[in-house]
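Quick look at protein_36.csv (CSV, N, CA and C atoms):
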chain,number,residue,atom,x,y,z
A,5,MET,N,0.8,-1.2,0.0
A,5,MET,CA,0.0,0.0,0.0
A,5,MET,C,0.9,1.2,0.0
A,6,TYR,N,0.5,2.2,-0.8
A,6,TYR,CA,1.3,3.4,-0.9
A,6,TYR,C,0.8,4.4,0.2
A,7,ALA,N,1.7,5.3,0.5
A,7,ALA,CA,1.4,6.3,1.6
A,7,ALA,C,1.0,7.6,1.0
A,8,ILE,N,0.2,8.4,1.8
A,8,ILE,CA,-0.2,9.7,1.3
A,8,ILE,C,1.1,10.6,1.1
A,9,GLY,N,1.1,11.3,0.0
A,9,GLY,CA,2.2,12.1,-0.4
A,9,GLY,C,3.2,11.4,-1.2
A,10,GLU,N,3.1,10.1,-1.4
A,10,GLU,CA,4.1,9.3,-2.2
A,10,GLU,C,3.8,9.6,-3.7
A,11,LYS,N,4.9,9.6,-4.5
A,11,LYS,CA,4.8,9.7,-5.9
A,11,LYS,C,4.8,8.4,-6.5
A,12,ILE,N,3.9,8.1,-7.4
A,12,ILE,CA,3.8,6.7,-8.0
A,12,ILE,C,3.6,6.9,-9.5
A,13,ILE,N,3.9,5.9,-10.3
A,13,ILE,CA,3.5,5.8,-11.7
A,13,ILE,C,2.2,5.1,-11.7
A,14,TYR,N,1.2,5.7,-12.3
A,14,TYR,CA,-0.1,5.1,-12.4
A,14,TYR,C,-0.5,4.8,-13.8
A,15,GLY,N,-0.4,3.5,-14.2
A,15,GLY,CA,-0.7,3.1,-15.6
A,15,GLY,C,-0.1,3.9,-16.6
A,16,GLU,N,-0.9,4.3,-17.6
A,16,GLU,CA,-0.4,5.2,-18.7
A,16,GLU,C,-0.7,6.7,-18.4
A,17,ASN,N,-1.0,6.9,-17.1
A,17,ASN,CA,-1.3,8.3,-16.7
A,17,ASN,C,-0.1,9.1,-16.2
A,18,GLY,N,1.0,8.4,-16.1
A,18,GLY,CA,2.2,9.0,-15.6
A,18,GLY,C,2.4,9.1,-14.1
A,19,VAL,N,3.2,10.1,-13.7
A,19,VAL,CA,3.5,10.3,-12.3
A,19,VAL,C,2.3,11.0,-11.6
A,20,CYS,N,1.9,10.4,-10.5
A,20,CYS,CA,0.8,11.0,-9.7
A,20,CYS,C,1.2,11.0,-8.2
A,21,THR,N,0.6,11.9,-7.5
A,21,THR,CA,0.8,12.0,-6.0
A,21,THR,C,-0.4,11.4,-5.4
A,22,VAL,N,-0.1,10.5,-4.4
A,22,VAL,CA,-1.2,10.0,-3.6
A,22,VAL,C,-1.7,11.1,-2.6
A,23,GLU,N,-2.9,11.6,-2.9
A,23,GLU,CA,-3.4,12.7,-2.1
A,23,GLU,C,-4.2,12.2,-0.8
A,24,LYS,N,-4.8,11.1,-1.0
A,24,LYS,CA,-5.7,10.6,0.0
A,24,LYS,C,-6.0,9.1,-0.2
A,25,ILE,N,-6.2,8.4,0.9
A,25,ILE,CA,-6.6,7.0,0.8
A,25,ILE,C,-7.9,6.9,1.7
A,26,ALA,N,-9.0,6.7,1.0
A,26,ALA,CA,-10.3,6.8,1.7
A,26,ALA,C,-11.4,6.1,0.8
A,27,PRO,N,-12.6,5.8,1.3
A,27,PRO,CA,-13.7,5.4,0.5
A,27,PRO,C,-14.0,6.5,-0.5
A,28,LEU,N,-14.6,6.2,-1.6
A,28,LEU,CA,-15.1,7.2,-2.6
A,28,LEU,C,-16.2,8.0,-2.0
A,29,GLU,N,-16.1,9.3,-2.3
A,29,GLU,CA,-17.1,10.2,-1.7
A,29,GLU,C,-18.1,10.5,-2.8
A,30,MET,N,-18.7,9.5,-3.5
A,30,MET,CA,-19.7,9.7,-4.5
A,30,MET,C,-20.9,8.8,-4.2
A,31,SER,N,-22.0,9.3,-4.7
A,31,SER,CA,-23.2,8.5,-4.4
A,31,SER,C,-23.2,7.2,-5.1
A,32,GLY,N,-23.6,6.2,-4.5
A,32,GLY,CA,-23.6,4.8,-5.0
A,32,GLY,C,-22.3,4.1,-4.9
A,33,ALA,N,-21.3,4.7,-4.3
A,33,ALA,CA,-20.0,4.0,-4.2
A,33,ALA,C,-20.0,3.1,-3.0
A,34,ASN,N,-19.2,2.1,-3.0
A,34,ASN,CA,-19.1,1.1,-1.9
A,34,ASN,C,-18.3,1.8,-0.8
A,35,ARG,N,-18.9,2.1,0.3
A,35,ARG,CA,-18.2,2.8,1.4
A,35,ARG,C,-17.2,2.0,2.1
A,36,GLY,N,-17.2,0.7,1.9
A,36,GLY,CA,-16.3,-0.2,2.6
A,36,GLY,C,-15.0,-0.4,1.9
A,37,LYS,N,-14.9,0.1,0.7
A,37,LYS,CA,-13.7,-0.1,-0.1
A,37,LYS,C,-12.8,1.1,-0.2
A,38,LEU,N,-11.5,0.9,0.1
A,38,LEU,CA,-10.6,2.1,0.0
A,38,LEU,C,-10.1,2.4,-1.4
A,39,TYR,N,-9.9,3.6,-1.6
A,39,TYR,CA,-9.4,4.1,-3.0
A,39,TYR,C,-8.2,5.0,-2.8
A,40,TYR,N,-7.3,5.0,-3.8
A,40,TYR,CA,-6.3,6.0,-3.8
A,40,TYR,C,-6.9,7.2,-4.6
A,41,TYR,N,-6.7,8.4,-4.1
A,41,TYR,CA,-7.0,9.6,-4.7
A,41,TYR,C,-5.7,10.1,-5.3
A,42,LEU,N,-5.6,10.1,-6.6
A,42,LEU,CA,-4.3,10.4,-7.3
A,42,LEU,C,-4.4,11.7,-8.1
A,43,THR,N,-3.4,12.6,-7.8
A,43,THR,CA,-3.4,13.8,-8.6
A,43,THR,C,-2.2,13.7,-9.5
A,44,PRO,N,-2.4,13.9,-10.9
A,44,PRO,CA,-1.2,13.8,-11.8
A,44,PRO,C,-0.3,15.0,-11.7
A,45,LEU,N,1.0,14.8,-11.8
A,45,LEU,CA,1.9,15.9,-11.8
A,45,LEU,C,1.8,16.8,-13.1
A,46,VAL,N,1.4,16.2,-14.2
A,46,VAL,CA,1.2,16.9,-15.4
A,46,VAL,C,-0.3,16.8,-15.7
A,47,GLY,N,-0.9,18.0,-15.9
A,47,GLY,CA,-2.4,18.0,-16.2
A,47,GLY,C,-3.1,18.3,-14.9
A,48,SER,N,-4.4,18.1,-15.0
A,48,SER,CA,-5.3,18.4,-13.9
A,48,SER,C,-6.2,17.2,-13.6
A,49,GLY,N,-7.0,17.4,-12.6
A,49,GLY,CA,-8.0,16.4,-12.2
A,49,GLY,C,-7.5,15.4,-11.1
A,50,THR,N,-8.3,14.4,-10.9
A,50,THR,CA,-8.0,13.4,-9.9
A,50,THR,C,-8.4,12.1,-10.4
A,51,TYR,N,-7.5,11.1,-10.2
A,51,TYR,CA,-7.8,9.7,-10.6
A,51,TYR,C,-8.2,9.0,-9.3
A,52,PHE,N,-9.2,8.1,-9.4
A,52,PHE,CA,-9.6,7.2,-8.3
A,52,PHE,C,-9.3,5.8,-8.7
A,53,THR,N,-8.6,5.0,-7.9
A,53,THR,CA,-8.4,3.6,-8.1
A,53,THR,C,-8.4,2.9,-6.8
A,54,PRO,N,-9.1,1.7,-6.8
A,54,PRO,CA,-9.1,0.9,-5.6
A,54,PRO,C,-7.7,0.5,-5.1
A,55,VAL,N,-7.5,0.5,-3.8
A,55,VAL,CA,-6.2,0.1,-3.3
A,55,VAL,C,-5.8,-1.3,-3.7
A,56,ASP,N,-6.8,-2.2,-3.8
A,56,ASP,CA,-6.6,-3.6,-4.2
A,56,ASP,C,-6.7,-3.8,-5.7
A,57,SER,N,-6.6,-2.7,-6.5
A,57,SER,CA,-6.8,-2.8,-8.0
A,57,SER,C,-5.6,-3.5,-8.6
A,58,ASN,N,-5.9,-4.1,-9.8
A,58,ASN,CA,-4.9,-4.7,-10.6
A,58,ASN,C,-4.2,-3.7,-11.6
A,59,ALA,N,-4.6,-2.5,-11.5
A,59,ALA,CA,-4.0,-1.4,-12.4
A,59,ALA,C,-2.6,-1.3,-12.1
A,60,PHE,N,-1.8,-1.0,-13.1
A,60,PHE,CA,-0.3,-0.9,-12.9
A,60,PHE,C,0.0,0.3,-12.1
A,61,MET,N,0.7,0.1,-11.0
A,61,MET,CA,1.2,1.2,-10.2
A,61,MET,C,2.6,0.7,-9.6
A,62,ARG,N,3.5,1.7,-9.6
A,62,ARG,CA,4.8,1.4,-9.0
A,62,ARG,C,5.4,2.7,-8.5
A,63,PRO,N,6.3,2.6,-7.5
A,63,PRO,CA,6.9,3.9,-7.0
A,63,PRO,C,7.8,4.5,-8.1
A,64,VAL,N,8.0,5.8,-8.0
A,64,VAL,CA,8.9,6.5,-8.9
A,64,VAL,C,10.3,6.1,-8.5
A,65,MET,N,11.2,5.9,-9.5
A,65,MET,CA,12.5,5.5,-9.3
A,65,MET,C,13.3,6.7,-8.5
A,66,SER,N,14.1,6.3,-7.6
A,66,SER,CA,14.9,7.3,-6.8
A,66,SER,C,16.0,7.9,-7.8
A,67,ARG,N,16.5,9.1,-7.4
A,67,ARG,CA,17.5,9.7,-8.2
A,67,ARG,C,18.7,8.8,-8.3
A,68,GLU,N,19.1,8.2,-7.1
A,68,GLU,CA,20.3,7.4,-7.1
A,68,GLU,C,20.1,6.2,-8.1
A,69,ALA,N,19.0,5.6,-8.1
A,69,ALA,CA,18.7,4.4,-9.0
A,69,ALA,C,18.7,4.9,-10.4
A,70,ALA,N,18.2,6.1,-10.7
A,70,ALA,CA,18.2,6.6,-12.1
A,70,ALA,C,19.6,6.9,-12.5
A,71,LEU,N,20.4,7.5,-11.7
A,71,LEU,CA,21.8,7.8,-12.1
A,71,LEU,C,22.6,6.5,-12.3
A,72,ALA,N,22.3,5.5,-11.5
A,72,ALA,CA,23.0,4.2,-11.6
A,72,ALA,C,22.6,3.5,-13.0
A,73,LEU,N,21.3,3.6,-13.3
A,73,LEU,CA,20.9,3.1,-14.6
A,73,LEU,C,21.5,3.8,-15.8
A,74,ILE,N,21.6,5.1,-15.7
A,74,ILE,CA,22.2,5.9,-16.7
A,74,ILE,C,23.7,5.5,-16.9
A,75,GLY,N,24.4,5.2,-15.8
A,75,GLY,CA,25.7,4.7,-15.9
A,75,GLY,C,25.9,3.4,-16.5
A,76,GLU,N,24.8,2.6,-16.4
A,76,GLU,CA,24.8,1.2,-17.0
A,76,GLU,C,24.5,1.2,-18.5
A,77,LEU,N,24.0,2.3,-19.0
A,77,LEU,CA,23.5,2.4,-20.4
A,77,LEU,C,24.5,1.8,-21.5
A,78,PRO,N,25.7,2.3,-21.4
A,78,PRO,CA,26.7,1.8,-22.5
A,78,PRO,C,26.9,0.3,-22.4
A,79,GLY,N,26.7,-0.4,-21.3
A,79,GLY,CA,26.9,-1.8,-21.2
A,79,GLY,C,25.6,-2.6,-21.3
A,80,LEU,N,24.5,-2.0,-21.5
A,80,LEU,CA,23.2,-2.8,-21.6
A,80,LEU,C,23.2,-3.5,-22.9
A,81,PRO,N,22.8,-4.8,-22.9
A,81,PRO,CA,22.7,-5.6,-24.1
A,81,PRO,C,21.7,-5.0,-25.0
A,82,PRO,N,21.9,-5.2,-26.4
A,82,PRO,CA,20.9,-4.7,-27.3
A,82,PRO,C,19.5,-5.3,-27.0
A,83,CYS,N,18.5,-4.5,-27.2
A,83,CYS,CA,17.1,-5.0,-27.0
A,83,CYS,C,16.5,-5.3,-28.4
A,84,LYS,N,16.4,-6.6,-28.7
A,84,LYS,CA,15.8,-6.9,-30.0
A,84,LYS,C,14.9,-8.1,-29.9
A,85,PRO,N,13.9,-8.2,-30.7
A,85,PRO,CA,13.0,-9.4,-30.7
A,85,PRO,C,13.7,-10.7,-31.0
A,86,GLU,N,13.2,-11.7,-30.5
A,86,GLU,CA,13.8,-13.1,-30.7
A,86,GLU,C,13.5,-13.6,-32.1
A,87,MET,N,12.3,-13.2,-32.6
A,87,MET,CA,11.9,-13.6,-33.9
A,87,MET,C,12.0,-12.5,-34.9
A,88,PRO,N,12.3,-12.8,-36.2
A,88,PRO,CA,12.4,-11.7,-37.2
A,88,PRO,C,11.0,-11.3,-37.6
A,89,GLY,N,10.9,-10.1,-38.2
A,89,GLY,CA,9.6,-9.7,-38.8
A,89,GLY,C,9.0,-8.5,-38.0
A,90,LEU,N,8.2,-7.7,-38.7
A,90,LEU,CA,7.6,-6.6,-38.1
A,90,LEU,C,6.6,-6.9,-37.0
A,91,ARG,N,5.8,-7.9,-37.3
A,91,ARG,CA,4.8,-8.3,-36.3
A,91,ARG,C,5.4,-8.8,-35.0
A,92,ALA,N,6.5,-9.5,-35.1
A,92,ALA,CA,7.2,-10.0,-33.9
A,92,ALA,C,7.8,-8.8,-33.1
A,93,ALA,N,8.4,-7.9,-33.9
A,93,ALA,CA,9.0,-6.7,-33.3
A,93,ALA,C,8.0,-5.9,-32.6
A,94,LYS,N,6.8,-5.7,-33.2
A,94,LYS,CA,5.7,-4.9,-32.6
A,94,LYS,C,5.3,-5.5,-31.3
A,95,GLU,N,5.1,-6.8,-31.3
A,95,GLU,CA,4.7,-7.5,-30.1
A,95,GLU,C,5.7,-7.5,-29.0
A,96,HIS,N,7.0,-7.6,-29.4
A,96,HIS,CA,8.1,-7.6,-28.4
A,96,HIS,C,8.1,-6.2,-27.7
A,97,TYR,N,8.1,-5.2,-28.5
A,97,TYR,CA,8.2,-3.8,-27.9
A,97,TYR,C,7.0,-3.5,-27.1
A,98,HIS,N,5.8,-3.9,-27.6
A,98,HIS,CA,4.6,-3.7,-26.8
A,98,HIS,C,4.7,-4.3,-25.5
A,99,GLN,N,5.1,-5.6,-25.4
A,99,GLN,CA,5.3,-6.2,-24.1
A,99,GLN,C,6.3,-5.5,-23.2
A,100,LEU,N,7.4,-5.0,-23.7
A,100,LEU,CA,8.3,-4.3,-23.0
A,100,LEU,C,7.7,-3.0,-22.3
A,101,VAL,N,6.9,-2.3,-23.1
A,101,VAL,CA,6.3,-1.1,-22.6
A,101,VAL,C,5.2,-1.5,-21.5
A,102,GLN,N,4.5,-2.6,-21.8
A,102,GLN,CA,3.5,-3.0,-20.8
A,102,GLN,C,4.1,-3.4,-19.4
A,103,ARG,N,5.3,-4.0,-19.5
A,103,ARG,CA,5.9,-4.4,-18.2
A,103,ARG,C,6.5,-3.2,-17.4
A,104,CYS,N,6.8,-2.2,-18.1
A,104,CYS,CA,7.3,-0.9,-17.5
A,104,CYS,C,8.5,-1.2,-16.6
A,105,GLU,N,9.4,-2.0,-17.0
A,105,GLU,CA,10.6,-2.2,-16.2
A,105,GLU,C,11.7,-1.2,-16.7
A,106,CYS,N,12.1,-0.4,-15.8
A,106,CYS,CA,13.0,0.7,-16.2
A,106,CYS,C,14.3,0.3,-17.0
A,107,ARG,N,14.9,-0.8,-16.5
A,107,ARG,CA,16.1,-1.3,-17.2
A,107,ARG,C,15.8,-1.8,-18.6
A,108,GLU,N,14.7,-2.5,-18.8
A,108,GLU,CA,14.3,-3.0,-20.1
A,108,GLU,C,14.0,-1.8,-21.0
A,109,LEU,N,13.3,-0.8,-20.5
A,109,LEU,CA,12.9,0.4,-21.3
A,109,LEU,C,14.1,1.2,-21.7
A,110,ALA,N,15.1,1.3,-20.8
A,110,ALA,CA,16.3,2.0,-21.1
A,110,ALA,C,17.1,1.3,-22.1
A,111,ALA,N,17.1,0.0,-22.1
A,111,ALA,CA,17.8,-0.8,-23.1
A,111,ALA,C,17.2,-0.7,-24.5
A,112,MET,N,15.8,-0.6,-24.5
A,112,MET,CA,15.1,-0.4,-25.7
A,112,MET,C,15.4,0.9,-26.3
A,113,VAL,N,15.4,2.0,-25.5
A,113,VAL,CA,15.6,3.3,-26.0
A,113,VAL,C,17.1,3.4,-26.5
A,114,HIS,N,18.0,2.9,-25.7
A,114,HIS,CA,19.4,2.9,-26.1
A,114,HIS,C,19.6,2.2,-27.4
A,115,THR,N,19.0,1.0,-27.6
A,115,THR,CA,19.1,0.3,-28.9
A,115,THR,C,18.6,1.1,-30.0
A,116,ILE,N,17.4,1.7,-29.9
A,116,ILE,CA,16.8,2.6,-30.9
A,116,ILE,C,17.8,3.7,-31.3
A,117,CYS,N,18.4,4.3,-30.3
A,117,CYS,CA,19.3,5.4,-30.5
A,117,CYS,C,20.6,4.9,-31.3
A,118,ARG,N,21.1,3.8,-30.9
A,118,ARG,CA,22.2,3.2,-31.6
A,118,ARG,C,21.9,2.9,-33.1
A,119,ARG,N,20.7,2.3,-33.3
A,119,ARG,CA,20.3,2.0,-34.7
A,119,ARG,C,20.1,3.2,-35.5
A,120,ARG,N,19.5,4.2,-34.9
A,120,ARG,CA,19.3,5.5,-35.6
A,120,ARG,C,20.7,6.1,-36.0
A,121,ALA,N,21.6,6.1,-35.0
A,121,ALA,CA,22.9,6.7,-35.3
A,121,ALA,C,23.6,5.9,-36.4
A,122,TRP,N,23.5,4.6,-36.4
A,122,TRP,CA,24.1,3.8,-37.4
A,122,TRP,C,23.6,4.1,-38.8
A,123,ALA,N,22.2,4.2,-38.9
A,123,ALA,CA,21.6,4.5,-40.1
A,123,ALA,C,22.0,5.9,-40.7
A,124,VAL,N,22.1,6.9,-39.8
A,124,VAL,CA,22.5,8.2,-40.2
A,124,VAL,C,23.9,8.2,-40.7
A,125,ARG,N,24.8,7.5,-40.0
A,125,ARG,CA,26.2,7.5,-40.4
A,125,ARG,C,26.4,6.8,-41.8
A,126,HIS,N,25.5,5.8,-42.1
A,126,HIS,CA,25.7,5.1,-43.3
A,126,HIS,C,24.7,5.6,-44.4
A,127,GLY,N,24.1,6.7,-44.2
A,127,GLY,CA,23.2,7.3,-45.2
A,127,GLY,C,22.0,6.5,-45.5
A,128,LYS,N,21.5,5.7,-44.5
A,128,LYS,CA,20.3,4.9,-44.6
A,128,LYS,C,19.1,5.6,-44.1
A,129,LYS,N,17.9,5.2,-44.5
A,129,LYS,CA,16.7,5.7,-43.9
A,129,LYS,C,16.6,5.1,-42.5
A,130,VAL,N,16.0,5.9,-41.6
A,130,VAL,CA,15.8,5.4,-40.2
A,130,VAL,C,14.5,4.6,-40.2
A,131,SER,N,14.5,3.3,-39.8
A,131,SER,CA,13.3,2.5,-39.9
A,131,SER,C,12.4,2.9,-38.7
A,132,GLN,N,11.1,2.5,-38.9
A,132,GLN,CA,10.2,2.8,-37.9
A,132,GLN,C,10.4,1.9,-36.7
Show this structure as C-alpha cells.
Amino acid sequence: MYAIGEKIIYGENGVCTVEKIAPLEMSGANRGKLYYYLTPLVGSGTYFTPVDSNAFMRPVMSREAALALIGELPGLPPCKPEMPGLRAAKEHYHQLVQRCECRELAAMVHTICRRRAWAVRHGKKVSQ
C-alpha cells in the first residue's frame, strides 16, 4: 500500500501523487472499499483507483537508482525481438512497454538510438 504524499507511476497516466486513501465520496459508491485519490503531476484532475486494484502502479525511481541506470547504459545488451519480422518486433516492444521495467525500457531506447545513429552514419533511412 502506498502512503499519502508518495509519488507513483499510475498506468499510462504518468506520475501521480497519492493525495488521500479513503472510500469514494460519490453517491452509489461502496463505502467499505478504500481508494487512492491520485493527482497527476502533469495535467489536472484526480484519478480514483481501488487500493486492491490490478491497475499498474509502481513507486517512482529514486535519483540514485536513475543515475546508476544511466551509468549502465553503455553496457546494456541490445534489445531486439527473438523472432524476425515486423509483427514479432511490434509484439516484443509492446510487451516491454507494458511491463514498464526501467532497465528494459532504457535498453530499448538505447538500442533505438544506436540503430538511428548507425543509419544516419551510413546514409540509410531510419526505420520505424
Between A:Asn34, A:Phe52, A:Asn58, A:Gly47, which is the closest to Val22 in chain A once you count only C-alpha atoms?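 Distance minimum relative to Val22 in chain A lands on A:Phe52.
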Could you pull out the strand (DSSP E) residues of range 9-66 of chain A from DSSP and send them as a list in words? Lys11, Ile12, Ile13, Tyr14, Val19, Cys20, Thr21, Val22, Glu23, Lys24, Ile25, Ala26, Tyr39, Tyr40, Tyr41, Leu42, Thr43, Pro44, Tyr51, Phe52, Thr53, Pro54, Met61, Arg62 and Pro63 of chain A
CA of Ile74 in chain A sits from atom N of Ala110 in chain A at a separation of 9.4 Å
Figure out the distance between atom C of Glu108 in chain A and CA of Cys83 in chain A, please, to one decimal in Å. 7.5 Å
Please list as a list in words every residue within 5 Å of Tyr41 in chain A, counting all atoms listed in the file and excluding residues in the same chain fewer than 2 positions away. Val22, Glu23, Lys24, Tyr39, Thr43 and Tyr51 of chain A
Pick from A:Gly49, A:Gly15, A:Gly9, A:Pro44, whichever lies nearest to Arg62 in chain A using all atoms listed in the file: A:Gly15
Between atom N of Arg103 in chain A and atom N of Ile25 in chain A lies a distance of 26.5 Å
Spatial neighbours of Met5 in chain A, max dist 10 Å, only C-alpha atoms, sep filter under 6 positions, as a list in words: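 In the requested format, the answer is Ile25, Tyr40, Val55 and Asp56 of chain A.
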Among listed residues A:Trp122, A:Leu45, A:Arg91, A:Gly36, nearest Thr21 in chain A (using all atoms listed in the file):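 Ranking A:Trp122, A:Leu45, A:Arg91, A:Gly36 by distance to Thr21 in chain A, first place goes to A:Leu45.
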Quick check for you: according to DSSP on this backbone, which residues of range 27-111 of chain A are classed as alpha helix (DSSP H)? Reply as number ranges by chain. A: 67-76, 90-103, 106-111
Using only N, CA and C atoms, can you tell me which of A:Leu77, A:Met30, A:Ile13, A:Ala72 comes closest to Phe60 in chain A?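 Of A:Leu77, A:Met30, A:Ile13, A:Ala72, the one nearest Phe60 in chain A, counting only N, CA and C atoms, is A:Ile13.
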Can you tell me, as a list in words, what residues are no more than 10 Å from Cys106 in chain A when counting only C-alpha atoms, ignoring any on the same chain fewer than 4 positions away? Met65, Ala69, Ala70, Leu73, Leu100, Val101, Ala110, Ala111 and Met112 of chain A
So which one's closest to Cys20 in chain A, A:Gln102, A:Arg35, A:Lys129, A:Met61? Using only C-alpha atoms, please.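 Among the listed residues, the smallest separation from Cys20 in chain A belongs to A:Met61.
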Since the input lacks atoms, please generate N, CA, C and O atoms for range 100-111 of chain A and provide them as a compact mmCIF listing (two decimals), in the coordinates of the input.
# COMPACT_ATOMS: atom_id res chain seq x y z
N LEU A 100 7.40 -5.00 -23.70
CA LEU A 100 8.30 -4.30 -23.00
C LEU A 100 7.70 -3.00 -22.30
O LEU A 100 7.88 -2.77 -21.13
N VAL A 101 6.90 -2.30 -23.10
CA VAL A 101 6.30 -1.10 -22.60
C VAL A 101 5.20 -1.50 -21.50
O VAL A 101 5.14 -0.80 -20.51
N GLN A 102 4.50 -2.60 -21.80
CA GLN A 102 3.50 -3.00 -20.80
C GLN A 102 4.10 -3.40 -19.40
O GLN A 102 3.54 -3.10 -18.40
N ARG A 103 5.30 -4.00 -19.50
CA ARG A 103 5.90 -4.40 -18.20
C ARG A 103 6.50 -3.20 -17.40
O ARG A 103 6.58 -3.29 -16.21
N CYS A 104 6.80 -2.20 -18.10
CA CYS A 104 7.30 -0.90 -17.50
C CYS A 104 8.50 -1.20 -16.60
O CYS A 104 8.57 -0.55 -15.53
N GLU A 105 9.40 -2.00 -17.00
CA GLU A 105 10.60 -2.20 -16.20
C GLU A 105 11.70 -1.20 -16.70
O GLU A 105 12.02 -1.21 -17.91
N CYS A 106 12.10 -0.40 -15.80
CA CYS A 106 13.00 0.70 -16.20
C CYS A 106 14.30 0.30 -17.00
O CYS A 106 14.66 0.86 -17.98
N ARG A 107 14.90 -0.80 -16.50
CA ARG A 107 16.10 -1.30 -17.20
C ARG A 107 15.80 -1.80 -18.60
O ARG A 107 16.55 -1.50 -19.52
N GLU A 108 14.70 -2.50 -18.80
CA GLU A 108 14.30 -3.00 -20.10
C GLU A 108 14.00 -1.80 -21.00
O GLU A 108 14.35 -1.77 -22.22
N LEU A 109 13.30 -0.80 -20.50
CA LEU A 109 12.90 0.40 -21.30
C LEU A 109 14.10 1.20 -21.70
O LEU A 109 14.25 1.66 -22.83
N ALA A 110 15.10 1.30 -20.80
CA ALA A 110 16.30 2.00 -21.10
C ALA A 110 17.10 1.30 -22.10
O ALA A 110 17.64 1.90 -23.06
N ALA A 111 17.10 0.00 -22.10
CA ALA A 111 17.80 -0.80 -23.10
C ALA A 111 17.20 -0.70 -24.50
O ALA A 111 17.84 -0.54 -25.48
